[in-house]
Every structure is written in C-alpha cells, then in structure tokens.
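Asks: My structure is below; once you've seen it, I'll send some questions.
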Amino acid sequence: MCGILGIASRDTDVFAEIYDGLLMLQHRGQDASGIVTYTGEFFRERKENGLVKDVFGPQDADTLTGKTGIGHVRYPTAGSLSAAEAQPFFVNAPYGIYLVHNGNITNTAEQREKVTGKYSRHLRTTSDSEIMLNVLADKVADAIKVNGNAEPVRNIFAGVKMTMERIQGAYSVLCMIAGVGMLAFRDPNGIRPLSVGKRPAESGGEDFCFASEDVAFGINGFEKLRDVKPGEAILVDLDGNMHTFQAVEGKLTPCIFEYVYLARPDSMMDGVSVYKTQLRMGQALARQIQEAGLEIDSIIPVPDSARPVALEVANSTGIRYREGLVKNRYVGRTFIMPGQAERQKSVRRKLNAIPLEFKGRNVLLIDDSIVRGNTIKKIVQMCRDAGAKKVYIASASPPVKYPNVYGIDMPTKHELIANGLSIEEIREELGADALFYQKLEDLIWAAQEGNPDIQGFDCSCFDGNYVTGVTAEYLDALEGSSRVSAKIQDMPAPGASWNASKLATG
Ligand SMILES: O=P(O)(O)OC[C@H]1O[C@H](OP(=O)(O)OP(=O)(O)O)[C@H](O)[C@@H]1O
Ligand SMILES: NC(=O)CC[C@H](N)C(=O)O
Ligand SMILES: [Mg+2]
C-alpha cells in the first residue's frame, strides 16, 4: 500500500490542501509521509518517518510554498524502513524531477544494474521507487537527445513510454518536473488505483488533483474527472493545460485486494464502489452460510474493515447483526511489536469483547481476510473467554496462499496460514467450530458487478496468477530473502536509526 496525491493549482499555495488530501489517504500507509511543492523556481521538500499529522505542522506552510506539489504516505514493500526511503525521491537532471510511487517493481535487480552500469548513475537507497525514477530520467534524457528540447511534454511522454517498456510490476506514479508541470502515469495493468479530479480555478480555467483514491478529492473541492487509464500518462503543464498520452496498450486488471481491505469503503475505483463490492461479498458469503444450516445467534464483524460484509451477511441470512468487539481508537498499528507473542497480545490491546454479546451464544465472526491467522485466532479465544458457546468464523475473501508482489505488505509464503493446510486444518489451527472462506469466483463477481467492462482482476495472492508474469526465480528470491513483512519487524526505539539492510529485497 501507499497513497499518492498531487495538486496543480492556478491560484493558491497547495501545501495545506496536499496535507488534507494525504490525511484522507493515511489508511494506505502509516510509516512515512512526504510532500514537495514547486514555486516555479525551486522545489521545497519535507519527508520523514511518521504519520502526516506528526511529520507536518503549521510552520511548514511558510516553507513549502508553491502552487503545485505532490505528496506520499508510505507503507514499505521494498527497500528498507529508513527515513531516507520516504518519498518523494529526486533527480536533478533532466529538468529536475521529483517522484512518488504506489506499487512495487518486480524487475528491480536488472533495472538497478542498468541504471548504475550503463547509465553510470548512483542510487542512494535500496528503494524500488528510486530505481524507477532513475529509469524515467534516463529515458527522458534519451528522448531529449533524439528530439531536442523544444517540446518538453513530447520528451516526457516518450520517456514514460520507454520506462513502461522496461519496468515490470505495479506502479501508479506522480512526478513534479521543474519548468514543465505535473506528470501522472499508471502501469499497463492498472494494478494500483489512480484518479484525476478537477475544480474551477479562481482566475478561470481549472485546477487538477491526482489521487490514489477519489475519497481525497472532496475535501479540497475537487470533483472526479475519471480514473487514469492503464498504460496512460497525463501531464498538467505550468499553465494548467492537461495533456494526455496512451503510452502503451493497457489492459485493466486492478488488484482485487484493494476492494477487500486496502481502499476506503467511500472510494470509487475504476468505476467500482468499494462499499457496494463489500456488500456483494456479504451476499455471496451469506449463501454459503445458509447452506451450512448452522444455528447462529448473531453475526459479529471484526471492526472496522469487515463491517459492510457482515452487515450484508446479516441482511441476507436474516440473522441479527451485533457489535461484539470494540476497537480501541487510541492504539495504533498492532504489528509494530516485536515477535509473535507480542503481536498476539497486541491484538488484545486493539480489540476487546463485550461479554454480554458472547455469553452462551453461537456467534459467527466475520473478518475481511485471514493472512497469518494471528488476528482471528486471538479473537476466537477472546470470544470463548467471554463465554461463547460456539465460535464460527468467516473470511470475506478466499484463502491467502501466495505472496503479493505488487505493493501490499503480505508475508512470504511460509508465513501464510492457508499455505499448505486444508480448510479443516486451518479451522483446527484457529480453534473455531466452523470456518467459511469466500469463493474466488464470488469475490470476482462482487467486484466485477460494479463495472462489467473490467476485463479481469489481479487475484495473485489467492490464485498465484500474477498478471504481469513473475519469474520463479523472483518468487524464490523473495521467499529466501531477508525481507519479512513490516508486521513482524522490530521497530527502532524513537530516535534510533533503522537498520536499512533488514528489509532489503535486492
Ligand atoms: O491474519 P492476520 O495476519 O492477523 O491478518 C489479517 C488481519 O489483518 C488486517 O487487520 P489489521 O489488524 O492489520 O488492521 P485493521 O485494524 O485495519 O483491520 C485484516 O483486517 C485482518 O483483520
Ligand atoms: N507499497 C507501496 O506502494 C510502497 C512503494 C514502494 N514500493 C516503497 O516500498 O516505498
Ligand atoms: Mg483487521
């Protein structure tokens, strides 16, 4: 995950608006935040590990001046957790380009070699996003050599096309380019989301906003124009004109996990409502539950992400919906605790059972997904401790069996509870009385129903089919690498520096 946002305004300084927009995308990344603005002459940058509200303050409005700018909230899925790998990244030639990226590149090793070898560039970090920025810079420079510098937009679009032909994986990208404007592009499969919005500018014409999710538009008065197409590049020049270019042929196959968990329910992505997809997931799951014919007193969601699904399972089955688990809103992410034992305890810190809802009852707990199984296993135990008679569980998505290589923090294969175990074995391991998983075809139906024009989805964490193709060597390297998901990283003490090699993927 990661969230990206950019605003090109004709009239006003954009720092405060980017700040507000990033707050709407905070769910996509909580490790680091960064903003760069462009004054028309200079870039002004600030990035640091931490939440948007902790990294930026009112004083930044005085320094981060400029009418255009881009921002990023990071959840690392490549490289390290070091503050140096917070985004945006910068190269000073050609033009001077700042870049923010959501997604993950799968041919980084090969591209790193080219950038540092053939193009004699020095990379400062282990980030995949920095590699992509340098590839883009190389390719724009190549285009300038061929076309001259009279038409920067043409050169930049040519550079994007060549970059798309070289880079594999998932990428939704925004760039600020000195003297030129703001560039947006999305990978040929449109794996990660990106949309563009506009609003009337005070002085006439239009202001533009790009964002990972359209939920970030309203707060600054933007209306969604459309989703950026797969393989498309859009450039808003410094006069506020929008140029579009289909850089390579695209085939929209967005990541289905966005609809399961990542995106906010109030977002529309590629014409599909996240909320309504989750309701349909509930309808499909309800059919399985009805067929099983169990005696269930109440349906209880694991807050917050499973609420829409659970609500619709209840509506469709006629079984009552109850809130039985209360989330402590003051506990941050639970996965920053070191080691398995700590993690299990931290679920307990985050969620607490309402005993009255469990005592003597048969309950069906619903969560959006079961990844390692830590969360639901602990909750099953909490329900039993609270006096539940039977504890049934359902996952709104199918068994997660394969790593995600496109920018979601999924653990390596051997950490996934559904890897190598039958449903019955998983049920036993989780200590539940029954276990339901959404069928993959039902999940696909739930999302596709929102926009039948979508040709397919990347469902790789469920079925192992990676839409861009991924080599067995890449997956082996991932499995054997020192990269482990951020969920089980030991976080450094405040002020201490992070060991950059810990998450290196190579
Ligand atoms: O099987 P596991 O490895 O435990 O992972 C699955 C859990 O991870 C996510 O929740 P998380 O606690 O990360 O955050 P949330 O509060 O946003 O749901 C997801 O909603 C599941 O509850
Ligand atoms: N998951 C993401 O989108 C993060 C972007 C990039 N791969 C990073 O780790 O910084
Ligand atoms: Mg959860």
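Naming works like this for the structure tokens: A, B, ... for the chains as they're shown, residue 1 at the start of each chain, ligands 1 onward in shown order.
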Check every protein, DNA and RNA residue against ligand 2, keep those with an atom at most 9 Å away (counting only C-alpha atoms and all ligand atoms), and present them as number ranges by chain.
Replies: A: 1-4, 28-29, 73-81, 85-87, 100-105, 127-130, 170-172, 192, 406-409
Asks: Check range 257-487 of chain A with DSSP on the backbone and list each residue it calls strand (DSSP E), as a count of residues only.
Replies: 32
Asks: For chain A versus ligand 3, which residues have an atom no more than 7 Å away, and what is each residue's nearest atom pair and distance in Å rounded to one decimal, using only C-alpha atoms and all ligand atoms, chain-then-number order, as a tab-separated table?
Replies:
residue	atom	partner	partner_atom_place_in_ligand_line	distance
A:Val302	CA	ligand 3	1 (Mg)	6.4
A:Pro303	CA	ligand 3	1 (Mg)	6.6
A:Asp304	CA	ligand 3	1 (Mg)	7.0
A:Ser305	CA	ligand 3	1 (Mg)	6.1
A:Asp367	CA	ligand 3	1 (Mg)	6.6
A:Asp368	CA	ligand 3	1 (Mg)	6.9
Asks: Enumerate as a list of chain:residue names the residues within 6 Å of ligand 1, counting only C-alpha atoms and all ligand atoms.
Replies: A:Ser305, A:Asp367, A:Asp368, A:Ser369, A:Ile370, A:Val371, A:Arg372, A:Gly373, A:Asn374, A:Thr375
Asks: Save the residues we just selected, N, CA and C atoms, as a PDB file, in the first residue's frame?
Replies:
ATOM      1  N   SER A 305     -12.929  -3.036   9.230  1.00  0.00           N
ATOM      2  CA  SER A 305     -12.935  -3.351   7.807  1.00  0.00           C
ATOM      3  C   SER A 305     -13.998  -4.375   7.399  1.00  0.00           C
ATOM      4  N   ASP A 367     -14.272 -11.523   9.345  1.00  0.00           N
ATOM      5  CA  ASP A 367     -13.175 -10.582   9.094  1.00  0.00           C
ATOM      6  C   ASP A 367     -12.993 -10.473   7.586  1.00  0.00           C
ATOM      7  N   ASP A 368     -12.317  -9.388   7.152  1.00  0.00           N
ATOM      8  CA  ASP A 368     -12.139  -9.217   5.700  1.00  0.00           C
ATOM      9  C   ASP A 368     -11.197 -10.256   5.125  1.00  0.00           C
ATOM     10  N   SER A 369     -10.188 -10.634   5.899  1.00  0.00           N
ATOM     11  CA  SER A 369      -9.208 -11.591   5.379  1.00  0.00           C
ATOM     12  C   SER A 369      -8.527 -12.294   6.536  1.00  0.00           C
ATOM     13  N   ILE A 370      -7.967 -13.463   6.230  1.00  0.00           N
ATOM     14  CA  ILE A 370      -7.132 -14.175   7.201  1.00  0.00           C
ATOM     15  C   ILE A 370      -5.799 -14.361   6.513  1.00  0.00           C
ATOM     16  N   VAL A 371      -4.771 -13.743   7.046  1.00  0.00           N
ATOM     17  CA  VAL A 371      -3.465 -13.778   6.373  1.00  0.00           C
ATOM     18  C   VAL A 371      -2.560 -14.773   7.117  1.00  0.00           C
ATOM     19  N   ARG A 372      -1.999 -14.333   8.222  1.00  0.00           N
ATOM     20  CA  ARG A 372      -1.248 -15.305   9.045  1.00  0.00           C
ATOM     21  C   ARG A 372      -2.175 -16.070   9.973  1.00  0.00           C
ATOM     22  N   GLY A 373      -3.306 -15.437  10.270  1.00  0.00           N
ATOM     23  CA  GLY A 373      -4.258 -16.054  11.189  1.00  0.00           C
ATOM     24  C   GLY A 373      -4.123 -15.535  12.607  1.00  0.00           C
ATOM     25  N   ASN A 374      -3.140 -14.693  12.873  1.00  0.00           N
ATOM     26  CA  ASN A 374      -2.922 -14.198  14.237  1.00  0.00           C
ATOM     27  C   ASN A 374      -4.140 -13.483  14.794  1.00  0.00           C
ATOM     28  N   THR A 375      -4.706 -12.590  13.976  1.00  0.00           N
ATOM     29  CA  THR A 375      -5.796 -11.746  14.464  1.00  0.00           C
ATOM     30  C   THR A 375      -7.001 -12.602  14.839  1.00  0.00           C
TER      31      THR A 375
END
Asks: Neighbouring residues of Val260 in chain A were defined as those with any atom within 9 Å, considering only C-alpha atoms; residues of the same chain fewer than 5 positions away were excluded. Please report them as a count of residues only.
Replies: 11
Asks: Hey, what's within 7 Å of range 310-313 of chain A if we count only C-alpha atoms and toss same-chain stuff fewer than 2 positions away? As a list in words, please?
Replies: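 The filter keeps Leu279, Gly282, Gln283, Leu285, Ala286, Ile299, Ile300, Pro301, Ala306, Arg307, Pro308, Asn315, Ser316, Thr317, Tyr321 and Ile366 of chain A.
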Asks: Using only C-alpha atoms, I'd like a table of the residues in range 150-175 of chain A that come within 12 Å of range 5-24 of chain A; for each, show the closest atom pair and its distance in Å rounded to one decimal, ordered by chain and ascending number, as a tab-separated table.
Replies:
residue	atom	partner	partner_atom	distance
A:Ser172	CA	A:Leu5	CA	10.5
A:Val173	CA	A:Leu5	CA	9.4
A:Leu174	CA	A:Gly6	CA	7.0
A:Cys175	CA	A:Gly6	CA	8.5
Asks: Output C-alpha atoms for every residue in that selection, as a PDB file, in the first residue's frame.
Replies:
ATOM      1  CA  SER A 172       0.870   4.455 -10.043  1.00  0.00           C
ATOM      2  CA  VAL A 173       3.188   7.439 -10.184  1.00  0.00           C
ATOM      3  CA  LEU A 174       3.153  11.220  -9.830  1.00  0.00           C
ATOM      4  CA  CYS A 175       6.083  13.483 -10.741  1.00  0.00           C
TER       5      CYS A 175
END
Asks: In Å, how far is it from CA of Glu449 in chain A to CA of Ile219 in chain A?
Replies: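 Going from CA of Glu449 in chain A over to CA of Ile219 in chain A covers 28.4 Å.
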Asks: Rounded to one decimal in Å, what is the spacing between CA of Glu110 in chain A and CA of Thr126 in chain A?
Replies: 13.3 Å
Asks: Could you pull out all residues of range 229-357 of chain A with a DSSP call of helix (DSSP H, G or I) and give them as a short mmCIF file (atom, residue, chain, number, x, y, z; two decimals) with C-alpha atoms, in the first residue's frame?
Replies:
data_model
loop_
_atom_site.label_atom_id
_atom_site.label_comp_id
_atom_site.auth_asym_id
_atom_site.auth_seq_id
_atom_site.Cartn_x
_atom_site.Cartn_y
_atom_site.Cartn_z
CA PHE A 257 -7.42 -6.85 -2.63
CA GLU A 258 -7.98 -3.07 -2.89
CA TYR A 259 -11.71 -3.84 -2.63
CA VAL A 260 -11.27 -6.40 0.15
CA TYR A 261 -9.24 -4.33 2.57
CA LEU A 262 -6.94 -1.59 1.27
CA VAL A 274 -15.64 -0.34 -2.73
CA TYR A 275 -18.57 -0.28 -0.30
CA LYS A 276 -21.01 -1.93 -2.68
CA THR A 277 -18.42 -4.56 -3.57
CA GLN A 278 -18.15 -5.38 0.12
CA LEU A 279 -21.94 -5.61 0.42
CA ARG A 280 -21.99 -8.03 -2.53
CA MET A 281 -19.20 -10.02 -0.86
CA GLY A 282 -21.58 -10.31 2.07
CA GLN A 283 -24.41 -11.54 -0.16
CA ALA A 284 -22.22 -14.27 -1.63
CA LEU A 285 -20.87 -15.32 1.74
CA ALA A 286 -24.43 -15.47 3.08
CA ARG A 287 -25.30 -18.18 0.55
CA GLN A 288 -22.56 -20.46 1.91
CA ILE A 289 -23.59 -19.79 5.47
CA GLN A 290 -27.24 -20.55 4.76
CA GLU A 291 -26.31 -23.78 3.02
CA ALA A 292 -24.33 -24.92 6.08
CA ARG A 307 -18.49 -4.23 8.87
CA PRO A 308 -20.09 -3.80 5.41
CA VAL A 309 -19.66 -7.51 4.63
CA ALA A 310 -21.04 -8.62 7.99
CA LEU A 311 -23.95 -6.23 7.69
CA GLU A 312 -24.99 -7.75 4.39
CA VAL A 313 -24.46 -11.34 5.57
CA ALA A 314 -26.91 -10.47 8.35
CA ASN A 315 -29.38 -8.82 5.97
CA SER A 316 -29.26 -11.73 3.56
CA THR A 317 -29.49 -14.53 6.11
CA THR A 334 -0.68 -3.56 16.17
CA PHE A 335 2.02 -5.01 14.00
CA ILE A 336 4.89 -2.87 15.19
CA GLY A 339 7.91 -11.19 17.93
CA GLN A 340 4.93 -13.50 17.78
CA ALA A 341 3.97 -13.35 21.45
CA GLU A 342 3.91 -9.55 21.46
CA ARG A 343 1.83 -9.48 18.31
CA GLN A 344 -0.79 -11.76 19.76
CA LYS A 345 -1.01 -9.63 22.86
CA SER A 346 -1.28 -6.53 20.76
CA VAL A 347 -4.47 -7.82 19.09
CA ARG A 348 -5.87 -7.92 22.62
CA ARG A 349 -4.84 -4.31 23.15
CA LYS A 350 -6.61 -3.24 20.00
CA PRO A 355 -19.09 -10.21 27.25
CA LEU A 356 -22.91 -9.84 27.03
CA GLU A 357 -22.78 -10.42 23.29
#
Asks: Please, what distance in Å, to one decimal, runs between CA of Asn149 in chain A and CA of Arg112 in chain A?
Replies: 26.9 Å
Asks: Applying 10 Å and only C-alpha atoms, which residues near Arg154 in chain A remain after dropping the ones on its own chain fewer than 2 positions away? List them as a VMD selection string.
Replies: chain A and resid 140 143 to 144 147 149 to 152 156 to 160 243 245
Asks: So, counting only C-alpha atoms, which residue among A:Gln26, A:Asn419, A:Ser460, A:Thr244 is closest to Val215 in chain A?
Replies: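 Using only C-alpha atoms, the shortest distance to Val215 in chain A belongs to A:Gln26.
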